[in-house]
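Structure file entry.cif; described as mmCIF, C-alpha atoms.
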```cif
data_entry
loop_
_atom_site.label_atom_id
_atom_site.label_comp_id
_atom_site.auth_asym_id
_atom_site.auth_seq_id
_atom_site.Cartn_x
_atom_site.Cartn_y
_atom_site.Cartn_z
CA MET A 1115 -7.96 1.17 22.63
CA LEU A 1116 -6.96 -1.11 19.73
CA ASN A 1117 -4.08 -3.48 20.29
CA GLY A 1118 -2.67 -6.55 18.56
CA ASP A 1119 -1.52 -8.21 15.35
CA ILE A 1120 -3.96 -8.77 12.51
CA PHE A 1121 -3.78 -11.12 9.53
CA LEU A 1122 -5.76 -9.81 6.61
CA PRO A 1123 -7.60 -11.78 3.93
CA GLY A 1124 -6.05 -11.72 0.46
CA ASP A 1125 -5.86 -8.48 -1.45
CA LYS A 1126 -9.12 -7.81 -3.25
CA SER A 1127 -7.60 -6.34 -6.43
CA ILE A 1128 -5.13 -9.18 -6.91
CA SER A 1129 -7.77 -11.81 -6.09
CA HIS A 1130 -10.10 -10.44 -8.76
CA ARG A 1131 -7.37 -10.43 -11.38
CA ILE A 1132 -5.90 -13.85 -10.79
CA VAL A 1133 -9.36 -15.39 -11.19
CA LEU A 1134 -10.52 -13.34 -14.19
CA PHE A 1135 -7.19 -13.65 -16.02
CA SER A 1136 -7.65 -17.43 -16.00
CA VAL A 1137 -10.23 -16.94 -18.78
CA LEU A 1138 -7.35 -15.91 -21.06
CA GLY A 1139 -4.82 -18.36 -19.67
CA LYS A 1140 -3.92 -22.02 -19.90
CA GLY A 1141 -2.99 -24.41 -17.16
CA ASP A 1142 -4.32 -25.17 -13.68
CA ILE A 1143 -3.71 -22.85 -10.76
CA GLU A 1144 -3.83 -23.18 -6.97
CA ILE A 1145 -4.57 -19.89 -5.18
CA ASP A 1146 -3.80 -19.43 -1.49
CA ASN A 1147 -5.26 -16.65 0.72
CA PHE A 1148 -7.91 -15.70 -1.85
CA SER A 1149 -10.18 -12.86 -0.71
CA PRO A 1150 -13.37 -14.21 0.93
CA GLY A 1151 -15.40 -11.07 0.15
CA GLU A 1152 -18.57 -11.19 -1.92
CA ASP A 1153 -17.03 -8.97 -4.61
CA CYS A 1154 -14.28 -11.48 -5.38
CA GLY A 1155 -16.85 -14.25 -5.08
CA SER A 1156 -18.65 -12.55 -7.97
CA SER A 1157 -15.53 -12.99 -10.10
CA VAL A 1158 -15.42 -16.69 -9.21
CA LYS A 1159 -19.09 -17.12 -10.13
CA ALA A 1160 -18.44 -15.28 -13.39
CA ILE A 1161 -15.77 -17.70 -14.63
CA GLU A 1162 -17.91 -20.63 -13.50
CA ALA A 1163 -20.75 -19.25 -15.65
CA LEU A 1164 -18.28 -19.23 -18.53
CA GLY A 1165 -17.45 -22.90 -17.99
CA ALA A 1166 -14.38 -22.87 -15.74
CA ASP A 1167 -13.81 -25.70 -13.28
CA VAL A 1168 -13.46 -24.17 -9.80
CA ARG A 1169 -13.21 -25.93 -6.45
CA ARG A 1170 -12.32 -24.96 -2.89
CA GLU A 1171 -10.27 -27.21 -0.67
CA ASP A 1172 -8.31 -26.62 2.56
CA GLY A 1173 -8.86 -22.88 2.31
CA LYS A 1174 -7.44 -22.73 -1.21
CA LEU A 1175 -9.01 -22.07 -4.60
CA PHE A 1176 -8.26 -24.40 -7.53
CA ILE A 1177 -9.04 -23.27 -11.11
CA SER A 1178 -8.60 -24.96 -14.47
CA GLY A 1179 -7.98 -22.22 -17.03
CA LEU A 1180 -10.52 -21.88 -19.84
CA SER A 1181 -7.85 -21.11 -22.47
CA LYS A 1182 -10.41 -19.05 -24.44
CA LYS A 1183 -12.80 -22.02 -24.75
CA ILE A 1184 -16.01 -20.28 -23.72
CA ARG A 1185 -19.10 -22.41 -23.35
CA ALA A 1186 -21.05 -22.24 -26.65
CA SER A 1187 -24.66 -21.06 -26.50
CA ASP A 1188 -27.35 -19.73 -28.82
CA GLU A 1189 -28.36 -17.33 -26.08
CA PRO A 1190 -26.17 -14.80 -24.23
CA VAL A 1191 -24.34 -16.17 -21.21
CA VAL A 1192 -25.79 -14.15 -18.33
CA ILE A 1193 -23.23 -13.20 -15.69
CA ASP A 1194 -24.38 -11.61 -12.42
CA CYS A 1195 -21.50 -9.47 -11.14
CA GLY A 1196 -23.25 -8.65 -7.86
CA ASN A 1197 -21.91 -5.40 -6.45
CA SER A 1198 -18.48 -5.74 -8.05
CA GLY A 1199 -17.37 -2.95 -10.37
CA THR A 1200 -14.02 -4.67 -10.90
CA THR A 1201 -15.71 -7.89 -12.04
CA ILE A 1202 -17.98 -6.27 -14.60
CA ARG A 1203 -15.42 -3.81 -15.98
CA LEU A 1204 -12.58 -6.30 -16.40
CA LEU A 1205 -14.96 -8.80 -17.96
CA MET A 1206 -15.91 -6.19 -20.55
CA GLY A 1207 -12.30 -6.12 -21.70
CA ILE A 1208 -11.91 -9.91 -21.55
CA LEU A 1209 -15.13 -10.96 -23.28
CA CYS A 1210 -15.34 -8.44 -26.11
CA GLY A 1211 -12.64 -10.32 -28.06
CA LEU A 1212 -13.88 -13.87 -27.41
CA ASN A 1213 -16.36 -15.95 -29.36
CA GLY A 1214 -19.81 -15.75 -27.80
CA MET A 1215 -22.62 -13.51 -26.58
CA PHE A 1216 -22.70 -12.21 -23.03
CA GLU A 1217 -24.95 -10.22 -20.73
CA LEU A 1218 -23.30 -8.57 -17.72
CA THR A 1219 -25.54 -7.38 -14.91
CA GLY A 1220 -25.45 -6.82 -11.14
CA ASP A 1221 -27.27 -5.54 -8.09
CA LYS A 1222 -29.13 -2.22 -7.85
CA TYR A 1223 -26.00 -0.34 -6.83
CA LEU A 1224 -23.80 -1.73 -9.61
CA CYS A 1225 -26.48 -1.02 -12.21
CA ARG A 1226 -26.29 2.67 -11.31
CA ARG A 1227 -22.54 2.97 -11.88
CA PRO A 1228 -21.06 4.37 -15.13
CA MET A 1229 -20.01 1.71 -17.67
CA GLU A 1230 -19.96 3.68 -20.90
CA ARG A 1231 -16.56 5.12 -20.01
CA ILE A 1232 -15.24 1.54 -20.22
CA ALA A 1233 -17.26 0.60 -23.31
CA GLU A 1234 -16.19 3.64 -25.34
CA PRO A 1235 -12.43 2.88 -25.51
CA LEU A 1236 -13.15 -0.82 -26.06
CA ARG A 1237 -15.11 0.11 -29.18
CA LEU A 1238 -11.83 1.49 -30.58
CA PHE A 1239 -10.85 -2.18 -30.99
CA GLY A 1240 -14.08 -2.82 -32.89
CA ALA A 1241 -15.82 -4.32 -29.84
CA ASP A 1242 -19.60 -4.77 -30.04
CA ILE A 1243 -20.79 -3.50 -26.64
CA VAL A 1244 -24.20 -2.06 -25.79
CA THR A 1245 -24.99 -0.35 -22.48
CA GLN A 1246 -28.35 0.88 -21.24
CA GLU A 1247 -29.63 4.44 -21.31
CA ASN A 1248 -27.28 6.65 -19.25
CA GLY A 1249 -24.45 4.18 -19.91
CA VAL A 1250 -25.22 1.66 -17.17
CA ALA A 1251 -25.65 -2.13 -16.89
CA PRO A 1252 -27.01 -4.54 -18.00
CA ILE A 1253 -24.36 -4.66 -20.71
CA PHE A 1254 -24.63 -6.78 -23.86
CA ILE A 1255 -21.45 -7.99 -25.58
CA ASN A 1256 -21.22 -9.80 -28.89
CA GLY A 1257 -17.66 -11.12 -29.01
CA SER A 1258 -15.83 -10.30 -32.22
CA LYS A 1259 -12.41 -10.13 -33.84
CA LEU A 1260 -10.56 -7.09 -32.53
CA LYS A 1261 -7.92 -4.90 -34.12
CA ALA A 1262 -5.26 -2.96 -32.25
CA ALA A 1263 -6.14 0.41 -30.76
CA ASP A 1264 -4.36 3.38 -29.20
CA TYR A 1265 -5.80 5.24 -26.23
CA THR A 1266 -4.90 7.83 -23.61
CA LEU A 1267 -6.75 7.49 -20.32
CA PRO A 1268 -8.71 10.66 -19.48
CA ILE A 1269 -8.42 9.83 -15.76
CA ALA A 1270 -6.26 7.56 -13.63
CA SER A 1271 -8.34 4.38 -13.42
CA ALA A 1272 -6.94 0.91 -12.81
CA GLN A 1273 -10.21 -0.68 -13.95
CA LEU A 1274 -10.31 1.23 -17.24
CA LYS A 1275 -6.62 0.56 -17.83
CA SER A 1276 -7.06 -3.15 -17.12
CA ALA A 1277 -10.10 -3.52 -19.39
CA PHE A 1278 -8.20 -1.94 -22.29
CA LEU A 1279 -5.08 -4.07 -21.81
CA LEU A 1280 -7.14 -7.25 -21.51
CA ALA A 1281 -8.91 -6.47 -24.78
CA GLY A 1282 -5.48 -5.93 -26.32
CA LEU A 1283 -4.60 -9.55 -25.51
CA SER A 1284 -7.20 -10.62 -28.10
CA ALA A 1285 -6.55 -7.91 -30.71
CA GLU A 1286 -4.59 -8.18 -33.96
CA GLY A 1287 -1.57 -5.87 -33.90
CA VAL A 1288 0.13 -3.75 -31.25
CA SER A 1289 -2.11 -1.70 -28.93
CA THR A 1290 -0.79 1.25 -26.95
CA LEU A 1291 -2.07 2.89 -23.79
CA GLU A 1292 -0.98 6.02 -21.95
CA GLU A 1293 -2.10 6.82 -18.39
CA PRO A 1294 -2.01 10.35 -16.94
CA VAL A 1295 -0.32 9.28 -13.70
CA LEU A 1296 0.79 5.94 -12.30
CA CYS A 1297 -2.04 4.06 -10.61
CA ARG A 1298 -2.33 0.54 -9.21
CA ASP A 1299 -0.38 -1.75 -11.50
CA HIS A 1300 -1.37 -5.31 -10.61
CA THR A 1301 -2.59 -5.96 -14.15
CA GLU A 1302 0.75 -4.96 -15.66
CA LYS A 1303 2.70 -7.09 -13.17
CA MET A 1304 0.56 -10.13 -13.92
CA LEU A 1305 0.80 -9.67 -17.68
CA GLU A 1306 4.58 -9.53 -17.40
CA SER A 1307 4.85 -12.57 -15.13
CA PHE A 1308 2.28 -14.64 -17.07
CA GLY A 1309 4.12 -14.34 -20.39
CA ALA A 1310 2.06 -11.73 -22.22
CA LYS A 1311 3.57 -9.73 -25.07
CA PHE A 1312 3.56 -6.61 -22.97
CA SER A 1313 5.94 -3.76 -22.21
CA LYS A 1314 5.78 -0.60 -20.12
CA VAL A 1315 7.99 2.46 -19.94
CA GLY A 1316 6.87 5.12 -17.50
CA THR A 1317 3.16 5.72 -18.08
CA ARG A 1318 3.14 4.29 -21.63
CA MET A 1319 2.52 0.62 -22.36
CA THR A 1320 2.01 -1.72 -25.32
CA VAL A 1321 0.28 -5.10 -25.59
CA GLU A 1322 -0.16 -7.71 -28.32
CA ALA A 1323 -2.31 -10.80 -28.75
CA SER A 1324 -1.12 -13.37 -26.20
CA GLU A 1325 -2.23 -16.44 -24.30
CA LEU A 1326 -1.34 -16.25 -20.64
CA GLU A 1327 0.58 -19.01 -18.86
CA LEU A 1328 -0.95 -19.47 -15.42
CA PRO A 1329 1.45 -20.26 -12.55
CA SER A 1330 0.77 -23.57 -10.80
CA LYS A 1331 0.64 -21.85 -7.39
CA PHE A 1332 -0.15 -18.27 -6.41
CA TYR A 1333 -0.23 -16.60 -2.98
CA VAL A 1334 -2.33 -13.45 -2.50
CA PRO A 1335 -0.79 -10.99 0.00
CA GLY A 1336 -3.01 -9.42 2.67
CA ASP A 1337 -5.22 -6.56 1.51
CA PRO A 1338 -3.69 -3.16 2.46
CA SER A 1339 -6.99 -1.35 1.87
CA SER A 1340 -8.61 -3.53 4.54
CA ALA A 1341 -5.62 -3.12 6.86
CA ALA A 1342 -5.75 0.66 6.43
CA PHE A 1343 -8.99 1.01 8.36
CA PHE A 1344 -7.55 -0.53 11.53
CA LEU A 1345 -4.13 1.08 11.12
CA ILE A 1346 -5.49 4.59 10.61
CA ALA A 1347 -7.93 4.16 13.49
CA ALA A 1348 -5.01 3.15 15.72
CA ALA A 1349 -3.43 6.56 15.13
CA VAL A 1350 -6.42 8.37 16.70
CA VAL A 1351 -7.69 5.92 19.34
CA SER A 1352 -5.76 6.63 22.54
CA GLY A 1353 -3.28 3.95 23.65
CA SER A 1354 -3.54 1.89 20.46
CA CYS A 1355 -0.89 -0.15 18.63
CA VAL A 1356 -1.87 -2.32 15.65
CA THR A 1357 0.34 -4.39 13.34
CA ALA A 1358 -0.98 -5.70 10.03
CA LYS A 1359 1.01 -8.81 9.08
CA ASN A 1360 1.99 -9.95 5.58
CA VAL A 1361 0.14 -7.17 3.75
CA LEU A 1362 0.78 -6.03 0.20
CA LEU A 1363 3.38 -3.23 0.03
CA ASN A 1364 2.97 -2.30 -3.64
CA PRO A 1365 3.75 1.46 -3.72
CA THR A 1366 0.65 2.14 -5.85
CA ARG A 1367 -1.52 0.73 -3.03
CA ILE A 1368 -0.16 2.17 0.19
CA GLY A 1369 -0.41 5.90 -0.41
CA PHE A 1370 -2.25 6.12 2.92
CA VAL A 1371 1.04 5.29 4.68
CA ASP A 1372 2.70 8.37 3.16
CA VAL A 1373 -0.23 10.50 4.31
CA LEU A 1374 0.02 9.12 7.85
CA LYS A 1375 3.72 9.92 7.98
CA LYS A 1376 3.12 13.47 6.71
CA MET A 1377 0.51 13.88 9.45
CA ASN A 1378 3.13 13.00 12.08
CA ALA A 1379 1.74 9.52 12.79
CA ASP A 1380 3.93 6.81 14.32
CA VAL A 1381 4.32 4.28 11.45
CA THR A 1382 6.81 1.42 10.97
CA ILE A 1383 7.14 -0.90 7.94
CA VAL A 1384 9.14 -4.15 7.76
CA GLU A 1385 9.31 -5.94 4.40
CA THR A 1386 9.10 -9.74 4.68
CA GLY A 1387 8.82 -10.96 1.06
CA ASP A 1388 8.51 -9.97 -2.60
CA VAL A 1389 6.55 -12.74 -4.40
CA PRO A 1390 4.21 -12.19 -6.18
CA GLU A 1391 4.63 -8.57 -5.04
CA PRO A 1392 6.35 -6.86 -2.08
CA MET A 1393 4.69 -7.67 1.24
CA GLY A 1394 5.41 -7.11 4.91
CA ASP A 1395 4.24 -5.79 8.28
CA ILE A 1396 2.87 -2.30 8.97
CA THR A 1397 2.62 -1.00 12.55
CA VAL A 1398 0.80 2.16 13.61
CA LYS A 1399 0.71 3.50 17.16
CA TYR A 1400 -1.50 6.14 18.74
CA SER A 1401 -0.24 9.53 17.63
CA PRO A 1402 -1.53 12.43 19.76
CA ASN A 1403 0.12 15.22 17.73
CA LEU A 1404 -1.40 14.73 14.29
CA THR A 1405 -1.17 17.64 11.87
CA SER A 1406 -3.05 18.51 8.69
CA VAL A 1407 -1.98 17.40 5.22
CA GLU A 1408 -2.42 18.51 1.61
CA VAL A 1409 -2.78 15.73 -0.98
CA PHE A 1410 -2.62 16.42 -4.73
CA PRO A 1411 -4.35 14.57 -7.61
CA GLU A 1412 -1.32 12.54 -8.68
CA ASN A 1413 -1.34 10.84 -5.27
CA ILE A 1414 -5.06 10.11 -5.04
CA PRO A 1415 -5.01 6.85 -7.11
CA GLY A 1416 -2.70 5.28 -4.52
CA MET A 1417 -5.18 5.87 -1.70
CA VAL A 1418 -8.57 6.21 -3.38
CA ASP A 1419 -10.19 3.45 -1.29
CA GLU A 1420 -8.82 4.90 1.94
CA ILE A 1421 -10.10 8.47 1.56
CA PRO A 1422 -13.12 7.82 3.84
CA ILE A 1423 -11.00 6.65 6.78
CA LEU A 1424 -8.33 9.28 6.05
CA SER A 1425 -11.13 11.84 6.31
CA LEU A 1426 -11.78 10.62 9.85
CA ILE A 1427 -8.17 11.12 10.94
CA ALA A 1428 -8.05 14.51 9.19
CA ALA A 1429 -11.14 15.54 11.15
CA LEU A 1430 -9.12 15.11 14.36
CA ALA A 1431 -5.78 16.57 13.22
CA LYS A 1432 -4.59 20.09 13.97
CA GLY A 1433 -5.20 22.46 11.05
CA THR A 1434 -7.03 22.11 7.74
CA SER A 1435 -6.39 19.15 5.42
CA VAL A 1436 -7.17 19.23 1.69
CA PHE A 1437 -7.52 16.26 -0.67
CA HIS A 1438 -7.44 17.65 -4.22
CA GLY A 1439 -8.86 15.94 -7.32
CA VAL A 1440 -11.08 13.39 -5.59
CA GLN A 1441 -13.95 13.40 -8.11
CA GLU A 1442 -13.48 9.67 -8.74
CA LEU A 1443 -15.09 9.09 -5.33
CA ARG A 1444 -18.40 10.31 -6.73
CA VAL A 1445 -18.76 7.15 -8.87
CA LYS A 1446 -18.04 4.48 -6.28
CA GLU A 1447 -20.73 2.35 -4.56
CA THR A 1448 -22.22 5.69 -3.59
CA ASP A 1449 -21.14 9.31 -3.95
CA ARG A 1450 -18.48 8.94 -1.28
CA LEU A 1451 -17.73 12.66 -1.13
CA GLU A 1452 -21.31 13.51 -0.18
CA ALA A 1453 -21.41 10.51 2.17
CA ILE A 1454 -18.24 11.61 3.98
CA LYS A 1455 -19.52 15.15 4.38
CA SER A 1456 -22.97 14.02 5.51
CA GLU A 1457 -22.15 11.21 7.94
CA LEU A 1458 -18.95 12.50 9.56
CA GLY A 1459 -20.69 15.87 9.63
CA LYS A 1460 -23.37 14.32 11.85
CA MET A 1461 -20.57 13.67 14.35
CA GLY A 1462 -19.43 17.30 14.30
CA ALA A 1463 -16.66 17.04 11.69
CA LYS A 1464 -16.02 20.26 9.73
CA ILE A 1465 -16.02 19.14 6.10
CA LYS A 1466 -16.50 21.14 2.89
CA LEU A 1467 -16.62 20.08 -0.74
CA THR A 1468 -15.10 22.65 -3.07
CA GLN A 1469 -14.16 23.09 -6.72
CA ASP A 1470 -10.67 24.24 -7.72
CA GLU A 1471 -8.27 23.85 -10.63
CA PHE A 1472 -7.96 20.13 -9.79
CA GLY A 1473 -11.71 19.43 -9.81
CA ASP A 1474 -13.45 18.27 -6.63
CA SER A 1475 -11.55 18.85 -3.40
CA LEU A 1476 -12.31 17.64 0.10
CA VAL A 1477 -11.49 20.22 2.78
CA ILE A 1478 -11.46 19.08 6.41
CA THR A 1479 -10.71 21.28 9.43
CA GLY A 1480 -9.65 19.44 12.56
CA ILE A 1481 -11.67 19.50 15.79
CA ASP A 1482 -10.87 18.26 19.29
CA SER A 1483 -13.41 15.42 19.45
CA LEU A 1484 -16.42 13.90 17.73
CA ASN A 1485 -20.02 13.96 18.95
CA MET A 1486 -22.48 11.09 19.32
CA PRO A 1487 -24.81 11.04 16.29
CA ALA A 1488 -28.50 10.16 16.41
CA GLU A 1489 -28.14 7.91 13.36
CA LEU A 1490 -25.66 7.01 10.63
CA ASP A 1491 -26.06 5.71 7.08
CA SER A 1492 -23.50 3.74 5.04
CA PHE A 1493 -25.54 4.19 1.82
CA GLY A 1494 -24.71 0.56 1.07
CA ASP A 1495 -21.00 1.43 0.73
CA HIS A 1496 -18.63 -0.96 2.52
CA ARG A 1497 -15.85 1.63 2.91
CA MET A 1498 -18.25 4.09 4.51
CA ALA A 1499 -19.68 1.42 6.83
CA MET A 1500 -16.21 0.52 8.15
CA THR A 1501 -15.23 4.17 8.56
CA LEU A 1502 -18.35 4.97 10.57
CA ARG A 1503 -18.00 1.92 12.82
CA LEU A 1504 -14.43 2.95 13.68
CA ALA A 1505 -15.51 6.57 14.19
CA LEU A 1506 -17.94 5.37 16.85
CA LEU A 1507 -14.97 4.04 18.87
CA LEU A 1508 -14.01 7.65 19.43
CA VAL A 1509 -17.33 8.55 21.07
CA ASP A 1510 -17.53 5.23 22.94
CA GLU A 1511 -21.25 4.94 22.29
CA GLU A 1512 -23.45 2.58 20.32
CA CYS A 1513 -25.30 3.73 17.21
CA ASP A 1514 -26.91 1.77 14.42
CA ILE A 1515 -25.40 2.20 10.96
CA ASP A 1516 -27.94 1.70 8.19
CA GLU A 1517 -26.96 -1.14 5.81
CA GLU A 1518 -23.82 -1.92 7.82
CA GLU A 1519 -24.01 -5.51 6.59
CA CYS A 1520 -22.57 -4.28 3.28
CA VAL A 1521 -19.06 -4.73 4.75
CA LYS A 1522 -19.26 -8.39 3.71
CA ILE A 1523 -18.90 -7.22 0.11
CA SER A 1524 -15.17 -6.76 0.63
CA PHE A 1525 -14.32 -7.71 4.21
CA PRO A 1526 -16.64 -10.22 5.94
CA GLN A 1527 -14.21 -10.61 8.88
CA PHE A 1528 -14.17 -6.87 9.65
CA HIS A 1529 -16.29 -6.96 12.80
CA GLU A 1530 -14.60 -10.12 14.09
CA ILE A 1531 -11.11 -8.62 13.75
CA LEU A 1532 -12.26 -5.33 15.27
CA GLU A 1533 -13.64 -7.14 18.31
CA GLN A 1534 -10.34 -9.00 18.73
CA LEU A 1535 -8.40 -5.72 18.74
CA ILE A 1536 -10.60 -3.78 21.15
CA ILE A 1537 -9.29 -3.65 24.70
CA ARG A 1538 -11.91 -2.17 26.98
CA GLU A 1539 -10.89 -0.35 30.15
CA ASN A 1540 -12.71 -1.44 33.30
#
```
Can you present the structure in this file as structure tokens?
Amino acid sequence: MLNGDIFLPGDKSISHRIVLFSVLGKGDIEIDNFSPGEDCGSSVKAIEALGADVRREDGKLFISGLSKKIRASDEPVVIDCGNSGTTIRLLMGILCGLNGMFELTGDKYLCRRPMERIAEPLRLFGADIVTQENGVAPIFINGSKLKAADYTLPIASAQLKSAFLLAGLSAEGVSTLEEPVLCRDHTEKMLESFGAKFSKVGTRMTVEASELELPSKFYVPGDPSSAAFFLIAAAVVSGSCVTAKNVLLNPTRIGFVDVLKKMNADVTIVETGDVPEPMGDITVKYSPNLTSVEVFPENIPGMVDEIPILSLIAALAKGTSVFHGVQELRVKETDRLEAIKSELGKMGAKIKLTQDEFGDSLVITGIDSLNMPAELDSFGDHRMAMTLRLALLLVDEECDIDEEECVKISFPQFHEILEQLIIREN
């Protein structure tokens, strides 16, 4: 069983943004509970490559804002974004309007991911951005003067939305953006609180050229996407009760909680604060009478990172669950839809991938119990690696997971916290 309180490292999405936004801001900032994952470390290395002064002390991160003063060079500044899609995509929006030449690259997985869908709307501002054949990294940016642009997102994407808004901070005139459905809104909240000329009504927003005012101190709430793996596992591991303390409760980030409640899981939330965003404690107890759920596309952005672990719980719920409009999972660190079907399928899960009026749908029919697999593969995807490790708790057997070390990309303490929660029966 899993039992106990857990304190999560800082939210990954907020950690990325507070660091990267410092490129467009002025002032010094002290960041507490910054995410220790390699992905967010890539964002720190990126601003250091651009000339920012960064130091770590007493578990905190201290940054002196660049205030648009990028280090001058006759050659492109080369920035290695590691495995981080957020780092490279937000930097595209930040750097295209600044003076300088830049080359953005990353590891073998990042250099397979689609970047042209970010570059294309940025070119509406007049941005000079070149991707490789098939629209992948390395990406070459020649910073230039930008002019306002209008754009409607073809899909709900927080990264695409953020890149566009960040470019708008350097563009002459008023830029407008429309998103199809509400998705994670950390960028908008930061722009508002950091003094940007920004407004939002419903799914429509405008932004003008602005210099951001960095707060002197900033606390990053615990990452709900990391908490979700332990909380969702608690619902299916007999006798479990797990409480995630001081986690982010932004409604655009905890869609998995709504799914758990619809599946008849025992969930309790207690709000404990609201700065910089709502945060609190989430408790999930073992829930033996889980039922199937149907999730529609407008809800997917609020739980996109948790679909792998939600697939595990759906595989053990009574009835058939359907997650509609999940095609965005095909362009993550791996094709997560195929990975979910393949690897949970090795454990006996009944999973189908179908096409309907919403696009790709994930259809999962519940079974009584999982089987012990001969082998498992994470495909270098941290979300898959964590899902599979928790799935193995349900068969109470050991099995190697290929490339399991990839969890350090987002959550280096994952195995340590899991070991603290496990209570073994004698």
List the neighbours of A:Asp1516 out to 12 Å using only C-alpha atoms; skip same-chain residues closer than 2 positions along the sequence, and give me the result as a list in words.
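Here the answer would be Glu1457, Ala1488, Glu1489, Leu1490, Asp1491, Ser1492, Phe1493, Gly1494, Asp1495, His1496, Met1498, Ala1499, Met1500, Leu1502, Arg1503, Cys1513, Asp1514, Glu1518, Glu1519, Cys1520 and Val1521 of chain A.
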How many Å separate atom CA of A:Met1206 from atom CA of A:Ile1132?
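Going from atom CA of A:Met1206 over to atom CA of A:Ile1132 covers 15.9 Å.
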Counting all atoms listed in the file, which residue out of A:Glu1530, A:Glu1293, A:Asp1388, A:Glu1447 sits closest to A:Tyr1223?
A:Glu1447
How would you write, as a PyMOL selection string, the residues chosen by the PyMOL selection byres ((chain A and resi 1524-1529) around 12) on this structure?
chain A and resi 1120-1127+1129-1130+1148-1156+1196-1200+1336-1344+1419+1447+1495-1501+1503-1504+1518-1523+1530-1536
State, in Å with one decimal place, the distance from atom CA of A:Asn1413 to atom CA of A:Arg1367.
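That distance, rounded to one decimal, is 10.4 Å.
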Selection under test: the PyMOL selection byres ((chain A and resi 1373) around 10); residues as a JSON list (two decimals) with C-alpha atoms, in the coordinates of the input:
```
[["chain", "number", "residue", "atom", "x", "y", "z"],
["A", 1368, "ILE", "CA", -0.16, 2.17, 0.19],
["A", 1369, "GLY", "CA", -0.41, 5.90, -0.41],
["A", 1370, "PHE", "CA", -2.25, 6.12, 2.92],
["A", 1371, "VAL", "CA", 1.04, 5.29, 4.68],
["A", 1372, "ASP", "CA", 2.70, 8.37, 3.16],
["A", 1374, "LEU", "CA", 0.02, 9.12, 7.85],
["A", 1375, "LYS", "CA", 3.72, 9.92, 7.98],
["A", 1376, "LYS", "CA", 3.12, 13.47, 6.71],
["A", 1377, "MET", "CA", 0.51, 13.88, 9.45],
["A", 1378, "ASN", "CA", 3.13, 13.00, 12.08],
["A", 1379, "ALA", "CA", 1.74, 9.52, 12.79],
["A", 1406, "SER", "CA", -3.05, 18.51, 8.69],
["A", 1407, "VAL", "CA", -1.98, 17.40, 5.22],
["A", 1408, "GLU", "CA", -2.42, 18.51, 1.61],
["A", 1409, "VAL", "CA", -2.78, 15.73, -0.98],
["A", 1413, "ASN", "CA", -1.34, 10.84, -5.27],
["A", 1417, "MET", "CA", -5.18, 5.87, -1.70],
["A", 1424, "LEU", "CA", -8.33, 9.28, 6.05]]
```
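Counting only C-alpha atoms and comparing A:Val1445, A:Ser1178, A:Leu1305, A:Arg1203, the residue that lies closest to A:Gly1220 is A:Arg1203.
The interatomic distance for the pair atom CA of A:Glu1512 and atom CA of A:Ala1348 works out to 19.0 Å.
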Selection result for the PyMOL selection byres ((chain A and resi 1310) around 10) on this file, as an MDAnalysis selection string:
chainID A and resid 1139 1283 1302 1304:1309 1311:1313 1321:1327
Given the choices A:Cys1297, A:Ala1431, A:Leu1443, A:Leu1116, which gets closest to A:Leu1484 if the distance is worked out from all atoms listed in the file?
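Using all atoms listed in the file, the shortest distance to A:Leu1484 belongs to A:Ala1431.
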Just want the 8 Å neighbourhood of stretch 1268-1271 of chain A, counted on all atoms listed in the file, with same-chain residues fewer than 4 positions away dropped. Output as a PDB file with C-alpha atoms, in the coordinates of the input.
```
ATOM      1  CA  LYS A1275      -6.620   0.560 -17.830  1.00  0.00           C
ATOM      2  CA  GLU A1293      -2.100   6.820 -18.390  1.00  0.00           C
ATOM      3  CA  PRO A1294      -2.010  10.350 -16.940  1.00  0.00           C
ATOM      4  CA  VAL A1295      -0.320   9.280 -13.700  1.00  0.00           C
ATOM      5  CA  LEU A1296       0.790   5.940 -12.300  1.00  0.00           C
ATOM      6  CA  CYS A1297      -2.040   4.060 -10.610  1.00  0.00           C
ATOM      7  CA  PRO A1415      -5.010   6.850  -7.110  1.00  0.00           C
TER       8      PRO A1415
END
```
Option closest in space to A:Phe1176, from A:Thr1382, A:Ser1276, A:Ser1284, A:Ser1330 [counting all atoms listed in the file]:
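The answer is A:Ser1330, which sits nearest to A:Phe1176.
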Point out the residue among A:Gly1240, A:Pro1329, A:Ala1272, A:Gly1249 with the least atom-to-atom distance to A:Gly1141, counting only C-alpha atoms.
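Among A:Gly1240, A:Pro1329, A:Ala1272, A:Gly1249, it is A:Pro1329 that comes nearest to A:Gly1141.
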Which neighbours of A:Lys1259 fall inside 10 Å, counting all atoms listed in the file, when residues of the same chain fewer than 6 positions from it are skipped, and could you give them as an MDAnalysis selection string?
chainID A and resid 1210:1213 1239:1242 1284:1286
